[in-house]
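structure-v1.txt (compact mmCIF, C-alpha atoms and all ligand atoms) appears below.
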# COMPACT_ATOMS: atom_id res chain seq x y z
CA MET M 1 0.00 0.00 0.00
CA PRO M 2 1.31 3.48 -0.80
CA ILE M 3 1.99 5.64 2.24
CA ILE M 4 0.34 8.64 0.59
CA GLU M 5 -2.31 8.54 -2.07
CA ILE M 6 -4.27 11.45 -3.46
CA LYS M 7 -7.26 11.27 -5.78
CA LYS M 8 -8.70 14.12 -7.82
CA LEU M 9 -7.32 16.52 -5.26
CA THR M 10 -8.39 20.06 -6.02
CA LYS M 11 -7.95 23.45 -4.41
CA ILE M 12 -9.70 26.52 -5.68
CA PHE M 13 -9.19 29.91 -4.02
CA GLY M 14 -11.92 32.56 -3.82
CA THR M 15 -15.53 32.86 -2.69
CA ASP M 16 -17.77 29.85 -3.11
CA PRO M 17 -14.94 27.86 -4.72
CA LYS M 18 -16.90 24.64 -5.19
CA ARG M 19 -18.69 26.12 -8.18
CA ALA M 20 -15.49 25.78 -10.21
CA VAL M 21 -15.12 22.03 -9.55
CA PRO M 22 -17.52 20.98 -12.35
CA LEU M 23 -15.79 23.45 -14.67
CA LEU M 24 -12.44 21.75 -14.03
CA LYS M 25 -14.08 18.40 -14.69
CA ASP M 26 -15.25 19.80 -18.00
CA GLY M 27 -11.68 20.66 -18.84
CA TRP M 28 -11.71 24.42 -18.34
CA SER M 29 -8.24 25.91 -17.98
CA LYS M 30 -7.04 27.86 -14.95
CA GLU M 31 -6.96 30.97 -17.11
CA LYS M 32 -10.50 30.58 -18.39
CA ILE M 33 -11.86 29.87 -14.92
CA PHE M 34 -10.21 33.00 -13.60
CA LYS M 35 -11.58 35.09 -16.45
CA GLU M 36 -15.13 33.83 -16.09
CA THR M 37 -15.42 33.37 -12.33
CA LYS M 38 -12.55 35.28 -10.67
CA LEU M 39 -11.63 32.08 -8.87
CA THR M 40 -8.00 30.95 -8.79
CA VAL M 41 -7.18 27.32 -9.38
CA GLY M 42 -4.43 26.27 -6.97
CA VAL M 43 -4.43 22.54 -7.67
CA ASN M 44 -6.42 20.81 -10.38
CA GLN M 45 -7.52 17.19 -9.83
CA ALA M 46 -4.07 15.98 -8.87
CA GLU M 47 -3.50 12.26 -8.48
CA PHE M 48 -0.46 10.30 -7.35
CA SER M 49 0.70 7.73 -4.89
CA ILE M 50 3.95 7.70 -2.97
CA GLU M 51 5.60 4.56 -1.69
CA THR M 52 7.32 4.35 1.67
CA GLY M 53 10.96 5.40 1.48
CA GLN M 54 10.65 7.37 -1.74
CA ILE M 55 11.89 10.87 -2.37
CA PHE M 56 8.97 12.29 -4.31
CA VAL M 57 9.75 15.62 -5.93
CA ILE M 58 7.12 18.15 -6.94
CA MET M 59 8.54 20.50 -9.53
CA GLY M 60 7.16 23.39 -11.50
CA LEU M 61 7.45 27.09 -12.18
CA SER M 62 6.39 29.76 -9.71
CA GLY M 63 2.63 29.75 -9.26
CA SER M 64 2.17 26.24 -10.67
CA GLY M 65 0.67 25.01 -7.39
CA LYS M 66 3.50 23.19 -5.63
CA SER M 67 3.13 24.76 -2.21
CA THR M 68 -0.62 24.48 -2.35
CA LEU M 69 -0.43 20.81 -3.24
CA VAL M 70 1.98 19.92 -0.46
CA ARG M 71 -0.08 21.83 2.11
CA LEU M 72 -3.18 19.93 1.04
CA LEU M 73 -1.42 16.73 2.12
CA ASN M 74 -1.38 17.72 5.79
CA ARG M 75 -4.37 20.05 5.54
CA LEU M 76 -2.53 23.24 6.24
CA ILE M 77 -4.79 24.12 3.33
CA GLU M 78 -8.23 22.48 3.20
CA PRO M 79 -9.00 20.82 -0.15
CA THR M 80 -11.98 22.00 -2.16
CA SER M 81 -12.59 18.45 -3.36
CA GLY M 82 -10.86 15.13 -3.71
CA GLN M 83 -9.17 12.69 -1.37
CA VAL M 84 -5.99 12.40 0.67
CA LEU M 85 -5.19 8.96 2.04
CA PHE M 86 -2.41 8.22 4.50
CA ASN M 87 -1.69 4.49 4.78
CA GLY M 88 -5.14 4.01 3.34
CA SER M 89 -7.01 6.13 5.88
CA ASP M 90 -8.79 9.34 5.02
CA VAL M 91 -6.95 12.44 6.22
CA LEU M 92 -9.97 14.63 5.49
CA GLN M 93 -12.01 12.79 8.13
CA MET M 94 -9.64 13.64 10.96
CA ASN M 95 -10.82 15.95 13.72
CA ALA M 96 -8.65 18.76 15.06
CA GLU M 97 -6.89 16.64 17.68
CA GLN M 98 -6.24 13.76 15.27
CA LEU M 99 -4.88 16.23 12.78
CA ARG M 100 -2.49 17.68 15.35
CA GLN M 101 -1.19 14.20 16.11
CA PHE M 102 -0.99 13.42 12.42
CA ARG M 103 1.19 16.44 11.67
CA ARG M 104 3.42 15.62 14.59
CA LYS M 105 3.88 11.90 14.13
CA ASN M 106 3.11 11.18 10.52
CA MET M 107 3.67 14.19 8.34
CA GLY M 108 6.16 16.80 9.45
CA MET M 109 7.18 19.84 7.48
CA VAL M 110 10.36 21.78 6.84
CA PHE M 111 9.63 25.23 5.50
CA GLN M 112 11.68 27.38 3.19
CA LYS M 113 11.88 30.09 5.80
CA PHE M 114 13.06 28.01 8.65
CA ALA M 115 11.95 30.48 11.34
CA LEU M 116 14.39 29.65 14.09
CA PHE M 117 13.91 31.26 17.49
CA PRO M 118 16.75 33.75 17.86
CA HIS M 119 16.79 33.64 21.66
CA ARG M 120 17.05 29.84 21.78
CA THR M 121 20.24 27.90 21.21
CA VAL M 122 20.57 25.54 18.29
CA VAL M 123 19.68 22.48 20.32
CA GLN M 124 16.77 24.27 21.99
CA ASN M 125 15.46 25.13 18.56
CA VAL M 126 15.75 21.53 17.44
CA GLU M 127 13.95 20.14 20.48
CA TYR M 128 11.16 22.69 20.35
CA GLY M 129 8.66 20.36 18.70
CA LEU M 130 9.39 17.62 21.23
CA GLU M 131 9.08 20.06 24.10
CA ILE M 132 5.57 21.13 23.13
CA GLN M 133 4.66 17.45 22.93
CA GLY M 134 5.58 17.29 26.60
CA MET M 135 8.58 14.98 26.22
CA SER M 136 10.94 14.86 29.19
CA LYS M 137 13.97 17.10 29.07
CA ALA M 138 16.54 14.30 29.01
CA LYS M 139 14.76 12.38 26.29
CA ARG M 140 14.18 15.33 24.01
CA ARG M 141 17.75 16.52 24.41
CA GLU M 142 18.95 13.07 23.36
CA MET M 143 16.77 13.05 20.25
CA ALA M 144 17.71 16.60 19.32
CA MET M 145 21.42 15.80 19.63
CA GLN M 146 20.96 12.75 17.41
CA SER M 147 19.37 14.73 14.64
CA LEU M 148 21.98 17.50 14.93
CA GLU M 149 24.61 14.87 14.43
CA LEU M 150 22.76 13.55 11.39
CA VAL M 151 22.87 16.94 9.68
CA GLY M 152 26.51 17.49 10.60
CA LEU M 153 26.04 20.13 13.29
CA LYS M 154 27.45 18.32 16.28
CA GLY M 155 29.44 20.81 18.33
CA TRP M 156 27.17 23.74 17.44
CA GLU M 157 24.35 22.86 19.82
CA ASP M 158 24.98 25.74 22.24
CA SER M 159 25.39 28.42 19.60
CA TYR M 160 22.63 30.86 18.74
CA PRO M 161 21.12 30.94 15.23
CA ASP M 162 22.65 34.30 14.33
CA GLN M 163 26.12 32.85 14.94
CA LEU M 164 25.51 30.37 12.13
CA SER M 165 25.70 30.82 8.37
CA GLY M 166 22.53 30.60 6.31
CA GLY M 167 23.35 27.07 5.25
CA MET M 168 23.90 25.98 8.82
CA GLN M 169 20.66 27.60 9.89
CA GLN M 170 18.95 25.62 7.18
CA ARG M 171 20.43 22.47 8.65
CA VAL M 172 19.03 23.40 12.04
CA GLY M 173 15.61 23.66 10.38
CA LEU M 174 16.11 20.23 8.85
CA ALA M 175 17.31 18.81 12.17
CA ARG M 176 14.17 20.15 13.83
CA GLY M 177 12.05 18.42 11.19
CA LEU M 178 13.97 15.19 11.68
CA ALA M 179 13.93 15.29 15.50
CA ASN M 180 10.17 14.83 15.50
CA ASP M 181 10.83 11.70 13.48
CA PRO M 182 7.67 11.81 11.36
CA ASP M 183 6.97 9.06 8.82
CA VAL M 184 6.86 11.61 6.02
CA LEU M 185 8.84 14.81 5.76
CA LEU M 186 7.38 17.56 3.59
CA MET M 187 10.04 19.98 2.38
CA ASP M 188 8.92 23.12 0.57
CA GLU M 189 11.86 24.71 -1.28
CA ALA M 190 13.92 23.78 1.75
CA PHE M 191 17.24 24.36 -0.02
CA SER M 192 16.34 27.26 -2.27
CA ALA M 193 17.92 29.92 -0.08
CA LEU M 194 21.30 28.19 -0.08
CA ASP M 195 24.21 28.99 -2.31
CA PRO M 196 25.02 26.32 -4.90
CA LEU M 197 27.86 24.47 -3.16
CA ILE M 198 26.11 24.21 0.20
CA ARG M 199 22.97 23.26 -1.64
CA LYS M 200 24.71 20.36 -3.31
CA ASP M 201 26.06 19.19 0.05
CA MET M 202 22.59 19.34 1.51
CA GLN M 203 21.19 17.32 -1.40
CA ASP M 204 23.83 14.67 -0.81
CA GLU M 205 23.05 14.68 2.88
CA LEU M 206 19.36 14.31 2.23
CA ILE M 207 19.91 11.33 -0.06
CA GLU M 208 22.11 9.76 2.57
CA LEU M 209 19.66 10.46 5.36
CA GLN M 210 16.91 9.00 3.31
CA SER M 211 18.79 5.79 2.65
CA LYS M 212 19.84 5.52 6.30
CA MET M 213 16.47 6.25 7.81
CA LYS M 214 14.10 5.09 5.06
CA LYS M 215 12.14 8.30 5.40
CA THR M 216 9.52 9.17 2.89
CA ILE M 217 10.21 12.67 1.65
CA VAL M 218 8.03 14.97 -0.42
CA PHE M 219 10.38 17.61 -1.76
CA ILE M 220 9.34 20.73 -3.59
CA THR M 221 11.67 22.57 -5.90
CA HIS M 222 11.53 24.71 -9.01
CA ASP M 223 15.05 23.58 -9.85
CA LEU M 224 15.20 20.81 -12.43
CA ASP M 225 18.76 19.76 -11.64
CA GLU M 226 17.86 19.40 -8.00
CA ALA M 227 14.77 17.39 -8.89
CA LEU M 228 16.75 15.07 -11.14
CA ARG M 229 19.47 14.61 -8.55
CA ILE M 230 17.38 13.64 -5.59
CA GLY M 231 14.03 12.45 -6.91
CA ASP M 232 12.97 8.81 -7.14
CA GLN M 233 9.79 10.09 -8.73
CA ILE M 234 9.13 13.56 -10.07
CA ALA M 235 5.76 15.19 -10.59
CA LEU M 236 5.91 18.17 -12.92
CA MET M 237 3.17 20.77 -12.40
CA LYS M 238 1.75 23.47 -14.64
CA ASP M 239 -1.21 25.73 -13.88
CA GLY M 240 -2.29 23.56 -10.95
CA SER M 241 -2.23 20.30 -12.92
CA ILE M 242 0.31 17.52 -12.85
CA VAL M 243 1.53 17.19 -16.42
CA GLN M 244 3.81 14.20 -15.91
CA ILE M 245 4.90 11.85 -13.16
CA GLY M 246 7.88 9.60 -13.65
CA SER M 247 11.39 8.68 -12.71
CA PRO M 248 14.05 11.25 -13.63
CA GLU M 249 14.94 9.08 -16.63
CA GLU M 250 11.36 8.93 -17.84
CA ILE M 251 10.93 12.67 -17.53
CA LEU M 252 14.10 13.22 -19.53
CA MET M 253 13.81 10.49 -22.08
CA GLN M 254 10.07 10.29 -22.59
CA PRO M 255 8.63 13.74 -21.96
CA ALA M 256 4.84 13.50 -21.99
CA ASN M 257 4.33 16.62 -24.07
CA LYS M 258 5.91 19.76 -25.51
CA TYR M 259 5.79 21.53 -22.16
CA VAL M 260 7.87 18.89 -20.42
CA GLU M 261 10.17 18.75 -23.42
CA ARG M 262 10.84 22.47 -23.16
CA PHE M 263 11.33 22.14 -19.43
CA VAL M 264 14.07 19.56 -19.82
CA GLU M 265 15.73 20.68 -23.03
CA ASP M 266 18.62 22.50 -21.38
CA VAL M 267 19.59 19.66 -19.11
CA ASP M 268 23.14 18.42 -19.44
CA LEU M 269 22.33 14.78 -20.05
CA SER M 270 25.94 13.70 -19.65
CA LYS M 271 25.67 14.49 -15.96
CA ILE M 272 22.48 12.55 -15.48
CA LEU M 273 22.41 9.58 -17.80
CA THR M 274 24.44 6.57 -16.77
CA ALA M 275 26.00 3.56 -18.43
CA SER M 276 22.87 1.54 -17.68
CA HIS M 277 20.82 3.90 -19.86
CA VAL M 278 22.87 3.54 -22.99
CA MET M 279 24.17 -0.02 -22.77
CA ARG M 280 23.19 -2.62 -25.34
CA LYS M 281 22.69 -6.30 -24.99
CA PRO M 282 26.07 -7.95 -25.53
CA GLU M 283 26.70 -10.94 -27.77
CA THR M 284 28.22 -13.59 -25.55
CA ILE M 285 29.84 -16.99 -25.75
CA THR M 286 31.00 -19.45 -23.11
CA ALA M 287 34.67 -20.40 -22.80
CA GLU M 288 34.07 -24.10 -23.58
CA ARG M 289 33.22 -23.32 -27.19
CA GLY M 290 35.79 -23.46 -29.93
CA PRO M 291 37.00 -20.62 -32.16
CA ARG M 292 35.02 -21.96 -35.14
CA VAL M 293 31.76 -21.63 -33.26
CA ALA M 294 32.83 -18.17 -32.14
CA LEU M 295 33.56 -17.01 -35.66
CA GLN M 296 30.28 -18.42 -36.94
CA LEU M 297 28.39 -16.66 -34.14
CA MET M 298 30.03 -13.36 -35.02
CA ARG M 299 29.07 -13.76 -38.67
CA ASP M 300 25.49 -14.64 -37.75
CA ARG M 301 25.13 -11.69 -35.42
CA GLY M 302 27.08 -9.24 -37.53
CA VAL M 303 29.56 -8.32 -34.81
CA SER M 304 33.34 -8.31 -34.73
CA SER M 305 33.81 -9.31 -31.10
CA LEU M 306 32.17 -11.58 -28.54
CA TYR M 307 32.13 -11.38 -24.76
CA VAL M 308 33.22 -14.56 -23.04
CA VAL M 309 31.18 -15.31 -19.94
CA ASP M 310 30.98 -18.04 -17.36
CA LYS M 311 27.37 -19.22 -17.50
CA ASP M 312 27.77 -21.26 -14.29
CA LYS M 313 28.65 -18.11 -12.41
CA GLY M 314 25.67 -16.10 -13.62
CA MET M 315 27.29 -14.50 -16.66
CA LYS M 316 30.48 -13.48 -14.92
CA LEU M 317 32.63 -11.67 -17.47
CA ILE M 318 35.87 -13.43 -18.42
CA GLY M 319 37.01 -11.35 -21.36
CA VAL M 320 36.49 -10.60 -25.00
CA ILE M 321 37.56 -12.21 -28.30
CA THR M 322 37.81 -10.59 -31.71
CA ALA M 323 36.98 -12.09 -35.11
CA GLU M 324 40.56 -11.58 -36.21
CA ASP M 325 41.96 -13.58 -33.30
CA ALA M 326 39.32 -16.30 -33.75
CA ALA M 327 40.33 -16.71 -37.40
CA GLY M 328 43.98 -16.91 -36.36
CA ALA M 329 43.20 -19.52 -33.70
CA ILE M 330 41.40 -21.69 -36.25
CA LYS M 331 44.47 -21.60 -38.50
CA GLU M 332 46.86 -22.47 -35.71
CA GLY M 333 44.58 -24.92 -33.93
CA LEU M 334 44.47 -22.96 -30.69
CA PRO M 335 41.65 -23.23 -28.14
CA LEU M 336 39.39 -20.24 -27.48
CA ASP M 337 40.96 -19.81 -24.08
CA ASP M 338 44.26 -18.74 -25.68
CA ILE M 339 42.81 -15.75 -27.49
CA ILE M 340 40.68 -14.22 -24.75
CA GLN M 341 41.66 -10.65 -23.95
CA ARG M 342 41.17 -10.48 -20.24
CA GLU M 343 42.14 -6.87 -19.80
CA LEU M 344 39.28 -4.83 -21.11
CA PRO M 345 37.63 -1.55 -20.34
CA SER M 346 34.71 -1.95 -17.96
CA VAL M 347 32.52 0.32 -15.88
CA SER M 348 29.75 -0.06 -13.32
CA PRO M 349 26.12 0.49 -14.41
CA ASP M 350 25.88 3.84 -12.62
CA THR M 351 28.90 5.46 -14.24
CA LEU M 352 27.87 8.85 -15.62
CA LEU M 353 28.20 9.46 -19.34
CA ASN M 354 30.60 12.32 -18.85
CA GLU M 355 32.97 9.92 -17.06
CA LEU M 356 32.50 7.41 -19.87
CA PHE M 357 33.89 9.74 -22.52
CA GLU M 358 37.43 9.45 -21.27
CA ILE M 359 37.30 5.68 -20.97
CA MET M 360 35.83 5.34 -24.44
CA GLY M 361 38.44 7.62 -25.93
CA ASN M 362 41.19 5.23 -24.87
CA THR M 363 39.87 2.03 -26.41
CA ARG M 364 38.73 0.55 -29.69
CA LEU M 365 36.65 -2.11 -27.96
CA PRO M 366 33.17 -1.47 -26.66
CA VAL M 367 33.16 -0.80 -22.92
CA ALA M 368 31.73 -3.62 -20.80
CA VAL M 369 29.23 -2.79 -18.08
CA VAL M 370 29.63 -5.11 -15.11
CA ASP M 371 27.91 -5.17 -11.76
CA GLU M 372 29.66 -5.39 -8.41
CA SER M 373 29.98 -9.18 -8.66
CA GLY M 374 31.61 -8.96 -12.06
CA ARG M 375 28.55 -10.06 -14.06
CA LEU M 376 28.21 -8.68 -17.55
CA LYS M 377 25.15 -6.44 -17.78
CA GLY M 378 25.71 -4.83 -21.15
CA ILE M 379 28.16 -3.15 -23.47
CA ILE M 380 28.50 0.42 -24.59
CA ILE M 381 29.28 1.45 -28.12
CA LYS M 382 30.20 4.99 -28.99
CA GLY M 383 27.25 5.68 -31.23
CA ALA M 384 24.79 4.88 -28.46
CA VAL M 385 26.35 7.44 -26.14
CA LEU M 386 26.23 10.15 -28.76
CA ALA M 387 22.65 9.30 -29.65
CA ALA M 388 21.61 9.47 -26.01
CA LEU M 389 23.25 12.86 -25.60
CA ALA M 390 21.40 14.07 -28.65
CA GLY M 391 18.29 13.09 -26.71
CA ASN M 392 16.98 10.51 -29.12
CA THR M 393 17.78 7.23 -27.54
CA VAL M 394 15.22 4.53 -27.67
CA PRO M 395 16.44 1.95 -25.19
CA GLU M 396 16.65 -1.46 -26.80
CA ALA M 397 14.37 -4.24 -25.79
CA GLY M 398 16.10 -6.37 -23.21
CA VAL M 399 18.12 -3.54 -21.78
CA GLN M 400 16.72 -2.28 -18.58
CA LEU M 401 16.11 1.38 -17.99
CA GLY M 402 16.96 2.61 -14.54
CA HIS M 403 19.52 1.68 -11.96
CA SER M 404 19.81 -2.04 -11.76
N1 LIG V 1 -4.14 31.99 -0.24
C1 LIG V 1 -4.30 32.14 -1.56
N2 LIG V 1 -5.31 32.86 -2.06
C2 LIG V 1 -5.48 32.98 -3.40
N3 LIG V 1 -4.70 32.40 -4.30
C3 LIG V 1 -3.68 31.67 -3.87
C4 LIG V 1 -3.41 31.49 -2.47
N4 LIG V 1 -2.33 30.70 -2.35
C5 LIG V 1 -1.94 30.42 -3.59
N5 LIG V 1 -2.74 30.99 -4.52
C6 LIG V 1 -2.64 30.85 -5.97
O1 LIG V 1 -2.55 29.48 -6.28
C7 LIG V 1 -1.63 29.26 -7.33
C8 LIG V 1 -0.56 28.29 -6.86
O2 LIG V 1 0.24 28.94 -5.86
P1 LIG V 1 1.40 28.18 -5.09
O3 LIG V 1 1.85 29.08 -4.00
O4 LIG V 1 0.94 26.84 -4.72
O5 LIG V 1 2.51 28.08 -6.23
P2 LIG V 1 4.01 27.53 -6.13
O6 LIG V 1 4.15 26.55 -7.24
O7 LIG V 1 4.30 27.09 -4.76
O8 LIG V 1 4.85 28.82 -6.50
P3 LIG V 1 6.29 29.31 -5.94
O9 LIG V 1 7.31 28.54 -6.72
O10 LIG V 1 6.32 30.76 -6.33
O11 LIG V 1 6.34 29.08 -4.48
C9 LIG V 1 -1.10 30.62 -7.75
O12 LIG V 1 -1.87 31.05 -8.85
C10 LIG V 1 -1.39 31.47 -6.53
O13 LIG V 1 -1.62 32.81 -6.93
MG MG V 2 5.67 27.73 -3.27

Translate this file's structure into structure tokens.
Amino acid sequence: MPIIEIKKLTKIFGTDPKRAVPLLKDGWSKEKIFKETKLTVGVNQAEFSIETGQIFVIMGLSGSGKSTLVRLLNRLIEPTSGQVLFNGSDVLQMNAEQLRQFRRKNMGMVFQKFALFPHRTVVQNVEYGLEIQGMSKAKRREMAMQSLELVGLKGWEDSYPDQLSGGMQQRVGLARGLANDPDVLLMDEAFSALDPLIRKDMQDELIELQSKMKKTIVFITHDLDEALRIGDQIALMKDGSIVQIGSPEEILMQPANKYVERFVEDVDLSKILTASHVMRKPETITAERGPRVALQLMRDRGVSSLYVVDKDKGMKLIGVITAEDAAGAIKEGLPLDDIIQRELPSVSPDTLLNELFEIMGNTRLPVAVVDESGRLKGIIIKGAVLAALAGNTVPEAGVQLGHS
């Protein structure tokens, strides 16, 4: 079961907003509704589900409805229509007390403006949420110190916020969100105020935190690079509607429409696509075969080299043989084993394309993609890399898209 699921979730701002719901159902645009009714569409019939442990990114230009959507999830904004389910139960049915508990335990929020108390020390800021829950002093101090350590602020606990840089203050805000230990953390432009280098550090930290603590994170940003870096799933919004939901690769490689295409056209694909995206299915042979069989196979498949694998060890890569060497071996009566080149260029599936360039420049052979146990997953030929960078790769059948 998804941890969060929303169905036809809609928010309309203005007086008597429900009157615009049927208009949205009829397909009226945000612009038309505003012109005819003076009502503003915040979120238009949004639907998605988020699995536990995902980083779900909501991306879109200013005014597209990101903040509204995320605040509908914990009812900081009341929906006009639609459903919000948390672990299958209806958030809209909760009474005030249940909702308070829900925001505390299940769905915490880190705001863009982190609003630290200037007269409280760092650790007192972090334990604030626990304090108002009535947790004992010793216990809340322990939890606050843990989350300060997680965000790399150990040693700063007794400082005051104004003694910290903006980036460090942002970490205090994050630590405060984490200290409450909610199941889901909502982060609205949490890193937008940071300068680029600190921002990148924070992204790395968030990814690490997420993998350590298996937190579900809903992360809002208007920055595509940030979305692509940290998102497991990305929802792209325009005028209150979600125009596409997908993995970073899907958004880049299969944009749902012209709008998404324009959104992603300036992305430097070489810093995002990996070996696993451009690899092809390799032609393989086992070491027991003879050179004649190898040569015949190469002719049949129209290739000039074959990858030798150990089928008993789950396709563990042994090396590569070329047609030229196979022909020579036939002449001289040598076994296949004698002509295997065991030193060959290989990379892991998550090697970025921009790192691949250098490796490919130094070799005439295709580059082998092997996993951590040395199994052959695919090969990379130059043309495929260039095609992918030109943005027109159609991944071959049999080659898996995504990190495997
Ligand atoms: N309280 C409100 N009253 C009226 N309209 C609102 C209100 N809050 C948001 N809106 C409108 O709803 C739409 C979505 O706003 P929202 O703040 O969700 O956008 P956003 O994607 O978060 O933008 P930004 O990137 O600038 O933060 C906008 O057209 C905005 O003007
Ligand atoms: Mg916003």

Pairwise distance for CA of Leu209 (chain M) and CA of Val184 (chain M), rounded to one decimal in Å: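 Between CA of Leu209 (chain M) and CA of Val184 (chain M) the gap is 12.9 Å.
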
By how many Å are CA of Ile58 (chain M) and atom C7 of ligand LIG 1 (chain V) apart? 14.1 Å

I'd like the contact shell of Ala294 (chain M) - 8 Å cut-off, only C-alpha atoms, skipping same-chain residues fewer than 3 positions apart - returned as number ranges by chain. M: 285, 289-291, 297-298, 306, 323, 326

Determine, counting all atoms listed in the file, which protein, DNA and RNA residues have an atom within 10 Å of an atom of Asn74 (chain M); residues of the same chain fewer than 5 positions away are not included. Present the result as a VMD selection string. chain M and resid 69 84 86 91 to 92 99 to 100 102 to 103 106 to 109 186

Keeping only C-alpha atoms, write the selected residues as a PDB file, keeping the file's coordinate frame.
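For reference, part-v2.pdb as written:
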ATOM      1  CA  LEU M  69      -0.430  20.810  -3.240  1.00  0.00           C
ATOM      2  CA  VAL M  84      -5.990  12.400   0.670  1.00  0.00           C
ATOM      3  CA  PHE M  86      -2.410   8.220   4.500  1.00  0.00           C
ATOM      4  CA  VAL M  91      -6.950  12.440   6.220  1.00  0.00           C
ATOM      5  CA  LEU M  92      -9.970  14.630   5.490  1.00  0.00           C
ATOM      6  CA  LEU M  99      -4.880  16.230  12.780  1.00  0.00           C
ATOM      7  CA  ARG M 100      -2.490  17.680  15.350  1.00  0.00           C
ATOM      8  CA  PHE M 102      -0.990  13.420  12.420  1.00  0.00           C
ATOM      9  CA  ARG M 103       1.190  16.440  11.670  1.00  0.00           C
ATOM     10  CA  ASN M 106       3.110  11.180  10.520  1.00  0.00           C
ATOM     11  CA  MET M 107       3.670  14.190   8.340  1.00  0.00           C
ATOM     12  CA  GLY M 108       6.160  16.800   9.450  1.00  0.00           C
ATOM     13  CA  MET M 109       7.180  19.840   7.480  1.00  0.00           C
ATOM     14  CA  LEU M 186       7.380  17.560   3.590  1.00  0.00           C
TER      15      LEU M 186
END

Residue among M:Gln244, M:Thr10, M:Ser89, M:Ser29 lying closest to Val260 (chain M), counting only C-alpha atoms: M:Gln244

Please find the residues contacting ligand MG 2 (chain V) at a distance of at most 9 Å between atoms, with all atoms listed in the file counted, and report them as a PyMOL selection string. chain M and resi 62-68+112+188-189+220-222

Point out the residue among M:Glu324, M:Glu36, M:Asp181, M:Asp223 with the least atom-to-atom distance to ligand LIG 1 (chain V), counting all atoms listed in the file. M:Asp223

Around ligand LIG 1 (chain V), which protein and nucleic acid residues have at least one atom no more than 12 Å from it, if we count all atoms listed in the file? List them as number ranges by chain. M: 10-15, 17, 30-31, 33-34, 38-44, 58-72, 76-78, 111-113, 187-190, 192, 219-223, 235-242

Quick check, in Å to one decimal: how far apart do CA of Phe191 (chain M) and CA of Gln45 (chain M) lie? 27.6 Å

Once N, CA and C atoms are restored for region 33-45 of chain M, what would the output be as a CSV table (one decimal), in the frame of the given file?
chain,number,residue,atom,x,y,z
M,33,ILE,N,-11.1,29.8,-16.2
M,33,ILE,CA,-11.9,29.9,-14.9
M,33,ILE,C,-11.7,31.2,-14.2
M,34,PHE,N,-10.4,31.7,-14.2
M,34,PHE,CA,-10.2,33.0,-13.6
M,34,PHE,C,-11.0,34.1,-14.3
M,35,LYS,N,-10.9,34.1,-15.7
M,35,LYS,CA,-11.6,35.1,-16.4
M,35,LYS,C,-13.1,35.1,-16.2
M,36,GLU,N,-13.7,33.9,-16.2
M,36,GLU,CA,-15.1,33.8,-16.1
M,36,GLU,C,-15.7,33.9,-14.7
M,37,THR,N,-14.9,33.5,-13.7
M,37,THR,CA,-15.4,33.4,-12.3
M,37,THR,C,-14.6,34.1,-11.3
M,38,LYS,N,-13.5,34.6,-11.6
M,38,LYS,CA,-12.6,35.3,-10.7
M,38,LYS,C,-12.0,34.3,-9.6
M,39,LEU,N,-12.2,33.1,-9.8
M,39,LEU,CA,-11.6,32.1,-8.9
M,39,LEU,C,-10.2,31.6,-9.4
M,40,THR,N,-9.3,31.4,-8.4
M,40,THR,CA,-8.0,31.0,-8.8
M,40,THR,C,-7.8,29.5,-8.5
M,41,VAL,N,-7.4,28.7,-9.6
M,41,VAL,CA,-7.2,27.3,-9.4
M,41,VAL,C,-5.8,27.2,-8.8
M,42,GLY,N,-5.7,26.6,-7.6
M,42,GLY,CA,-4.4,26.3,-7.0
M,42,GLY,C,-3.9,24.9,-7.4
M,43,VAL,N,-4.8,23.9,-7.3
M,43,VAL,CA,-4.4,22.5,-7.7
M,43,VAL,C,-5.6,21.9,-8.4
M,44,ASN,N,-5.4,21.3,-9.5
M,44,ASN,CA,-6.4,20.8,-10.4
M,44,ASN,C,-6.4,19.3,-10.5
M,45,GLN,N,-7.3,18.6,-9.7
M,45,GLN,CA,-7.5,17.2,-9.8
M,45,GLN,C,-6.2,16.4,-9.9
